[in-house]
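Trainee: Structure provided below as structure tokens; questions to follow.
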Amino acid sequence: MSVSFPEIYEQVKAQLGKTRRIPFGVINRRDVERFAFAVDDPNPLFFDDAFARAHGYSSAIAPPLYLSSVLGWESGPPQNSLAPDGNPRGDETALPLGGLRVMGGGQELEFHRPVTAGMEVVIEFSVSNVELKQGRSGPLLVIQLQKKFLTKDGALLVTCRENAVAR
Amino acid sequence: MNARQLCFEDVAVGTAITPLIKRPTTVQLFRFSAMTWNSHKIHFDKPYAQSEGYPDILVQSHLHGSFLVQAVMDWAGPAGRLVGFRWQNRAIGIPGDTLTCTGKVVKTELRDGLGYVECELEERNQKNELCVPAWARVQLPLRAERSK
């Protein structure tokens with residue numbers, strides 16, 4: 001596929017300063033516990049309400065990386081819209097990337113409030129910077145993304161910043 | 001889990017985090033992909049991962065991160081609060097690897113009556129290659145407060 005990096009760069013740049021709100025949904029206790037089981041982290045703070053209350057929480061909490069690890073917040077995408085590598089064709093961020101591949105490589109997180117089952121969460125997604133660079137194997141875009149996870153009443157839960165490399 | 005709660009007064013710059021060893025398996029990677037709705041074949045389809053030049057399916061970026069979070073939370077105890085965390089994926093992890101998470105305190109700070117420590121963390125594989133450097137900021141209870 002031939003893609004025009006300068007063109008995509010301009011399209012991503014046009015997103016700077018815009019915030020999109022994406023509904024995450026209600027934090028489901030089973031999902032949070034499954035995440036902890038998948039990590040194989042048996043910390044009782046994630047499973048035991050009484051234990052969590054004894055340590056200052058209102059109930060069992062989600063593992064800290066739960067919110068920022070979940071890649072898709074909706075039911076789909078349907079199978080026929082997946083790319084051959086299994087990724088959604090429309091990236092989760094819905095950035096106009098023209099089919100470029102995005103690799104995650106880490107995140108920077110601030111935890112403002114504990115995340116507990118029953119909370120209704122929304123994500124405020126924005127692009128804070130984009131740079132067009134020349135890598136060893138060709139051009140690439142380095143995109144700084146910011147996701148703020150809030151309750152539907154606006155209480156900030158987690159701030160997540162990451163650099164996505166699109167090539 | 002810690003039977004005894006770590007307190008701010010217990011740590012100083014240089015104090016080591018209790019090491020945590022993780023051995024990811026194909027089943028663990030499958031369940032983590034399923035849980036995070038991550039259908040990228042690089043995490044469950046070995047021939048596909050090999051076609052991308054890797055020896056096996058890859059441990060997910062956030063699973064590496066979660067191992068280091070587990071290490072720091074186990075060390076900090078249930079009354080500790082993780083308030084900040086960042087990590088970078090440098091080298092790959094694959095099923096069968098032995099990934100050792102270690103760390104040490106690099107800063108302590110009393111602010112507004114609360115005790116905070118900052119830790120530099122590392123996840124290394126059995127060949128001692130650095131897979132993930134990370135950093136965490138943790139609030140620890142003050143012994144003085146707990147004994148009141």
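In the structure tokens, chains take the letters A, B, ... in the order shown, each chain's residues start at 1, and ligands count up from 1 in the order shown.
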Might you pull out every residue within 7 Å of stretch 82-96 of chain B, with only C-alpha atoms counted and same-chain residues fewer than 2 positions away left off, and present them as a VMD selection string?
Mentor: (chain A and resid 105 to 112) or (chain B and resid 23 to 26 56 to 59 61 65 80 98 130 to 139)
Trainee: Since we have the selection now, will you write its residues out, keeping N, CA and C atoms, as a PDB file, in the first residue's frame?
Mentor:
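After the write, again-v4.pdb holds the following:
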ATOM      1  N   GLY A 105       3.963   1.136  22.884  1.00  0.00           N
ATOM      2  CA  GLY A 105       5.274   0.844  23.465  1.00  0.00           C
ATOM      3  C   GLY A 105       5.403   1.292  24.893  1.00  0.00           C
ATOM      4  N   GLY A 106       4.268   1.450  25.543  1.00  0.00           N
ATOM      5  CA  GLY A 106       4.301   1.899  26.925  1.00  0.00           C
ATOM      6  C   GLY A 106       3.386   3.082  27.133  1.00  0.00           C
ATOM      7  N   GLN A 107       3.139   3.377  28.397  1.00  0.00           N
ATOM      8  CA  GLN A 107       2.238   4.479  28.746  1.00  0.00           C
ATOM      9  C   GLN A 107       2.771   5.181  29.988  1.00  0.00           C
ATOM     10  N   GLU A 108       2.269   6.398  30.181  1.00  0.00           N
ATOM     11  CA  GLU A 108       2.545   7.136  31.412  1.00  0.00           C
ATOM     12  C   GLU A 108       1.197   7.428  32.063  1.00  0.00           C
ATOM     13  N   LEU A 109       1.037   6.969  33.299  1.00  0.00           N
ATOM     14  CA  LEU A 109      -0.281   7.007  33.929  1.00  0.00           C
ATOM     15  C   LEU A 109      -0.245   7.752  35.256  1.00  0.00           C
ATOM     16  N   GLU A 110      -1.286   8.523  35.489  1.00  0.00           N
ATOM     17  CA  GLU A 110      -1.525   9.095  36.814  1.00  0.00           C
ATOM     18  C   GLU A 110      -2.846   8.526  37.317  1.00  0.00           C
ATOM     19  N   PHE A 111      -2.827   8.049  38.556  1.00  0.00           N
ATOM     20  CA  PHE A 111      -4.033   7.463  39.144  1.00  0.00           C
ATOM     21  C   PHE A 111      -4.599   8.458  40.153  1.00  0.00           C
ATOM     22  N   HIS A 112      -5.765   9.003  39.846  1.00  0.00           N
ATOM     23  CA  HIS A 112      -6.330  10.065  40.671  1.00  0.00           C
ATOM     24  C   HIS A 112      -7.309   9.527  41.713  1.00  0.00           C
TER      25      HIS A 112
ATOM     26  N   ARG B  23       6.272 -16.095  34.753  1.00  0.00           N
ATOM     27  CA  ARG B  23       6.569 -16.978  33.614  1.00  0.00           C
ATOM     28  C   ARG B  23       5.327 -17.034  32.716  1.00  0.00           C
ATOM     29  N   PRO B  24       5.218 -16.112  31.772  1.00  0.00           N
ATOM     30  CA  PRO B  24       4.016 -16.082  30.934  1.00  0.00           C
ATOM     31  C   PRO B  24       3.893 -17.348  30.081  1.00  0.00           C
ATOM     32  N   THR B  25       2.646 -17.763  29.864  1.00  0.00           N
ATOM     33  CA  THR B  25       2.348 -18.944  29.057  1.00  0.00           C
ATOM     34  C   THR B  25       1.442 -18.533  27.892  1.00  0.00           C
ATOM     35  N   THR B  26       1.288 -19.433  26.922  1.00  0.00           N
ATOM     36  CA  THR B  26       0.388 -19.137  25.796  1.00  0.00           C
ATOM     37  C   THR B  26      -1.040 -18.930  26.305  1.00  0.00           C
ATOM     38  N   ASP B  56       8.278 -16.270  18.548  1.00  0.00           N
ATOM     39  CA  ASP B  56       7.019 -16.836  19.085  1.00  0.00           C
ATOM     40  C   ASP B  56       6.051 -15.662  19.259  1.00  0.00           C
ATOM     41  N   ILE B  57       4.851 -15.974  19.748  1.00  0.00           N
ATOM     42  CA  ILE B  57       3.882 -14.899  20.032  1.00  0.00           C
ATOM     43  C   ILE B  57       4.434 -13.992  21.135  1.00  0.00           C
ATOM     44  N   LEU B  58       3.991 -12.734  21.111  1.00  0.00           N
ATOM     45  CA  LEU B  58       4.579 -11.719  21.990  1.00  0.00           C
ATOM     46  C   LEU B  58       3.704 -11.432  23.210  1.00  0.00           C
ATOM     47  N   VAL B  59       4.354 -11.320  24.357  1.00  0.00           N
ATOM     48  CA  VAL B  59       3.685 -10.835  25.567  1.00  0.00           C
ATOM     49  C   VAL B  59       3.214  -9.405  25.285  1.00  0.00           C
ATOM     50  N   SER B  61       2.141  -5.546  25.529  1.00  0.00           N
ATOM     51  CA  SER B  61       2.756  -4.386  26.190  1.00  0.00           C
ATOM     52  C   SER B  61       2.192  -4.197  27.606  1.00  0.00           C
ATOM     53  N   GLY B  65       3.566  -4.428  31.605  1.00  0.00           N
ATOM     54  CA  GLY B  65       3.325  -3.338  32.556  1.00  0.00           C
ATOM     55  C   GLY B  65       2.639  -3.844  33.814  1.00  0.00           C
ATOM     56  N   GLY B  80      -0.646   0.845  50.775  1.00  0.00           N
ATOM     57  CA  GLY B  80       0.089   1.705  49.841  1.00  0.00           C
ATOM     58  C   GLY B  80      -0.830   2.102  48.703  1.00  0.00           C
ATOM     59  N   THR B  98      11.359 -16.419  31.549  1.00  0.00           N
ATOM     60  CA  THR B  98      11.315 -16.103  32.983  1.00  0.00           C
ATOM     61  C   THR B  98      11.590 -14.610  33.103  1.00  0.00           C
ATOM     62  N   LEU B 130      17.167  -6.339  29.231  1.00  0.00           N
ATOM     63  CA  LEU B 130      16.166  -5.425  29.779  1.00  0.00           C
ATOM     64  C   LEU B 130      14.958  -5.400  28.839  1.00  0.00           C
ATOM     65  N   CYS B 131      13.842  -5.957  29.284  1.00  0.00           N
ATOM     66  CA  CYS B 131      12.612  -5.940  28.479  1.00  0.00           C
ATOM     67  C   CYS B 131      11.862  -4.636  28.706  1.00  0.00           C
ATOM     68  N   VAL B 132      11.745  -4.235  29.970  1.00  0.00           N
ATOM     69  CA  VAL B 132      10.916  -3.077  30.301  1.00  0.00           C
ATOM     70  C   VAL B 132      11.553  -2.262  31.426  1.00  0.00           C
ATOM     71  N   PRO B 133      11.952  -1.024  31.148  1.00  0.00           N
ATOM     72  CA  PRO B 133      12.231  -0.099  32.252  1.00  0.00           C
ATOM     73  C   PRO B 133      10.922   0.581  32.655  1.00  0.00           C
ATOM     74  N   ALA B 134      10.774   0.860  33.946  1.00  0.00           N
ATOM     75  CA  ALA B 134       9.534   1.471  34.417  1.00  0.00           C
ATOM     76  C   ALA B 134       9.830   2.347  35.627  1.00  0.00           C
ATOM     77  N   TRP B 135       8.826   3.092  36.016  1.00  0.00           N
ATOM     78  CA  TRP B 135       8.940   4.037  37.145  1.00  0.00           C
ATOM     79  C   TRP B 135       7.593   4.066  37.845  1.00  0.00           C
ATOM     80  N   ALA B 136       7.637   4.137  39.153  1.00  0.00           N
ATOM     81  CA  ALA B 136       6.373   4.194  39.903  1.00  0.00           C
ATOM     82  C   ALA B 136       6.483   5.215  41.026  1.00  0.00           C
ATOM     83  N   ARG B 137       5.366   5.836  41.329  1.00  0.00           N
ATOM     84  CA  ARG B 137       5.252   6.729  42.488  1.00  0.00           C
ATOM     85  C   ARG B 137       4.173   6.141  43.391  1.00  0.00           C
ATOM     86  N   VAL B 138       4.548   5.945  44.661  1.00  0.00           N
ATOM     87  CA  VAL B 138       3.676   5.254  45.598  1.00  0.00           C
ATOM     88  C   VAL B 138       3.542   6.091  46.860  1.00  0.00           C
ATOM     89  N   GLN B 139       2.327   6.177  47.356  1.00  0.00           N
ATOM     90  CA  GLN B 139       2.120   6.798  48.667  1.00  0.00           C
ATOM     91  C   GLN B 139       2.114   5.688  49.714  1.00  0.00           C
TER      92      GLN B 139
END
Trainee: Please build the interface table for chain A against chain B with a cut-off of 10 Å, listing for each qualifying residue the nearest atom pair and the distance in Å to one decimal; count only C-alpha atoms, order rows by chain and increasing number, and write it as a Markdown table.
Mentor:
| residue | atom | partner | partner_atom | distance |
| --- | --- | --- | --- | --- |
| A:Asp31 | CA | B:Met35 | CA | 7.3 |
| A:Val32 | CA | B:Met35 | CA | 9.0 |
| A:Arg34 | CA | B:Met35 | CA | 6.9 |
| A:Phe35 | CA | B:Met35 | CA | 6.1 |
| A:Ala36 | CA | B:Ser66 | CA | 9.1 |
| A:Phe37 | CA | B:Arg31 | CA | 8.7 |
| A:Ala38 | CA | B:Phe32 | CA | 5.2 |
| A:Val39 | CA | B:Leu63 | CA | 6.6 |
| A:Asp40 | CA | B:Gln28 | CA | 8.1 |
| A:Asp41 | CA | B:Gln70 | CA | 6.4 |
| A:Pro42 | CA | B:Met1 | CA | 8.8 |
| A:Asn43 | CA | B:Met1 | CA | 7.1 |
| A:Pro44 | CA | B:Pro78 | CA | 8.5 |
| A:Leu45 | CA | B:Pro78 | CA | 7.0 |
| A:Phe51 | CA | B:Pro78 | CA | 8.8 |
| A:Ala52 | CA | B:Pro78 | CA | 7.9 |
| A:Ala54 | CA | B:Ala79 | CA | 8.9 |
| A:His55 | CA | B:Ala79 | CA | 5.4 |
| A:Gly56 | CA | B:Ala79 | CA | 7.5 |
| A:Tyr57 | CA | B:Ala79 | CA | 9.6 |
| A:Pro63 | CA | B:Ser66 | CA | 8.3 |
| A:Pro64 | CA | B:Val69 | CA | 7.6 |
| A:Leu65 | CA | B:Ser66 | CA | 6.5 |
| A:Tyr66 | CA | B:Thr36 | CA | 8.4 |
| A:Leu67 | CA | B:Thr36 | CA | 9.2 |
| A:Ser68 | CA | B:His62 | CA | 8.4 |
| A:Ser69 | CA | B:His62 | CA | 5.9 |
| A:Val70 | CA | B:Thr36 | CA | 4.1 |
| A:Leu71 | CA | B:Thr36 | CA | 5.7 |
| A:Gly72 | CA | B:Trp37 | CA | 5.7 |
| A:Trp73 | CA | B:Trp37 | CA | 8.2 |
| A:Glu74 | CA | B:Trp37 | CA | 9.4 |
| A:Ser75 | CA | B:Trp37 | CA | 9.4 |
| A:Gly76 | CA | B:Trp37 | CA | 9.4 |
| A:Leu82 | CA | B:Ser39 | CA | 8.7 |
| A:Ala83 | CA | B:His40 | CA | 9.1 |
| A:Pro84 | CA | B:Lys41 | CA | 8.6 |
| A:Asp85 | CA | B:Lys41 | CA | 5.5 |
| A:Gly86 | CA | B:His40 | CA | 4.5 |
| A:Asn87 | CA | B:His40 | CA | 4.9 |
| A:Pro88 | CA | B:Ser39 | CA | 7.9 |
| A:Met103 | CA | B:Ser61 | CA | 9.5 |
| A:Gly104 | CA | B:Ser61 | CA | 6.9 |
| A:Gly105 | CA | B:Asn89 | CA | 5.0 |
| A:Gly106 | CA | B:Gln88 | CA | 4.3 |
| A:Gln107 | CA | B:Arg86 | CA | 5.5 |
| A:Glu108 | CA | B:Arg86 | CA | 4.1 |
| A:Leu109 | CA | B:Phe85 | CA | 5.2 |
| A:Glu110 | CA | B:Gly84 | CA | 4.5 |
| A:Phe111 | CA | B:Val83 | CA | 4.8 |
| A:His112 | CA | B:Val83 | CA | 6.8 |
| A:Arg113 | CA | B:Val83 | CA | 8.8 |
| A:Pro114 | CA | B:Arg81 | CA | 9.4 |
| A:Val158 | CA | B:Val83 | CA | 9.5 |
| A:Thr159 | CA | B:Gly84 | CA | 9.5 |
| A:Cys160 | CA | B:Arg86 | CA | 9.3 |
| A:Arg161 | CA | B:Arg86 | CA | 9.2 |
| A:Glu162 | CA | B:Arg86 | CA | 9.4 |
Trainee: Mind pulling up the distance from atom CA of A:Ile143 to atom CA of A:Gly17?
Mentor: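 Separation of atom CA of A:Gly17 and atom CA of A:Ile143: 13.1 Å.
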Trainee: Using only C-alpha atoms for the distances, tell me which of B:Thr108, B:Leu121, B:Trp75, B:Ala144 is nearest to B:Arg4.
Mentor: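 Under the stated criterion, the closest residue is B:Trp75.
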Trainee: Choose the residue, out of A:Val121, A:Leu157, A:Leu145, A:Ile61, that has the smallest atom-to-atom separation from A:Pro23; count only C-alpha atoms.
Mentor: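 Nearest candidate to A:Pro23 out of A:Val121, A:Leu157, A:Leu145, A:Ile61: A:Val121.
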Trainee: Run DSSP on the backbone and give me the residues of chain A it puts in strand (DSSP E), as a ChimeraX atom specification.
Mentor: /A:19-26,102-103,106-111,120-135,138-151,156-166
Trainee: Under the rule that only C-alpha atoms are counted, which of A:Met119, A:Val102, A:Val142, A:Ala155 is the nearest residue to A:Ala62?
Mentor: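 Among A:Met119, A:Val102, A:Val142, A:Ala155, it is A:Met119 that comes nearest to A:Ala62.
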Trainee: Would you list the contacts of A:Ser126 as a tab-separated table (two decimals) with C-alpha atoms, in the first residue's frame, taking every protein, DNA or RNA residue within 8 Å and counting only C-alpha atoms, but skipping same-chain residues closer than 5 positions in sequence?
Mentor:
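Now in part_14.tsv:
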chain	number	residue	atom	x	y	z
A	15	GLN	CA	-6.95	16.73	15.16
A	16	LEU	CA	-4.71	18.63	17.60
A	17	GLY	CA	-6.66	20.31	20.34
A	18	LYS	CA	-9.88	18.44	19.57
A	19	THR	CA	-11.33	16.23	22.29
A	20	ARG	CA	-13.52	13.23	21.56
A	145	LEU	CA	-2.09	10.64	22.61
A	146	GLN	CA	-3.84	11.53	25.81
A	147	LYS	CA	-6.75	9.65	27.34
Trainee: Could you work out how far atom CA of A:Glu120 lies from atom CA of A:Lys152, giving the answer in Å with one decimal?
Mentor: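 Pair atom CA of A:Lys152 / atom CA of A:Glu120 returns 5.8 Å.
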Trainee: Looking only at the backbone, which of the residues in chain B does DSSP tag as alpha helix (DSSP H), as a PyMOL selection string?
Mentor: chain B and resi 26-35+46-51+61-76+143-146
Trainee: What separation in Å, quoted to one decimal, exists between atom CA of A:Ala50 and atom CA of A:Thr116?
Mentor: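 Computing the Euclidean distance for atom CA of A:Ala50 and atom CA of A:Thr116 yields 13.5 Å.
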Trainee: Which of these, A:Ala14, A:Leu97, A:Val26, A:Ile123, has the shortest distance to A:Arg167 once you count only C-alpha atoms?
Mentor: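 Ranking A:Ala14, A:Leu97, A:Val26, A:Ile123 by distance to A:Arg167, first place goes to A:Leu97.
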Trainee: Using only C-alpha atoms, find the one residue out of B:Pro141, B:Pro19, B:Gly53, B:Gly113 that sits nearest to B:Leu99.
Mentor: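 For B:Leu99, the nearest of the given residues is B:Pro19.
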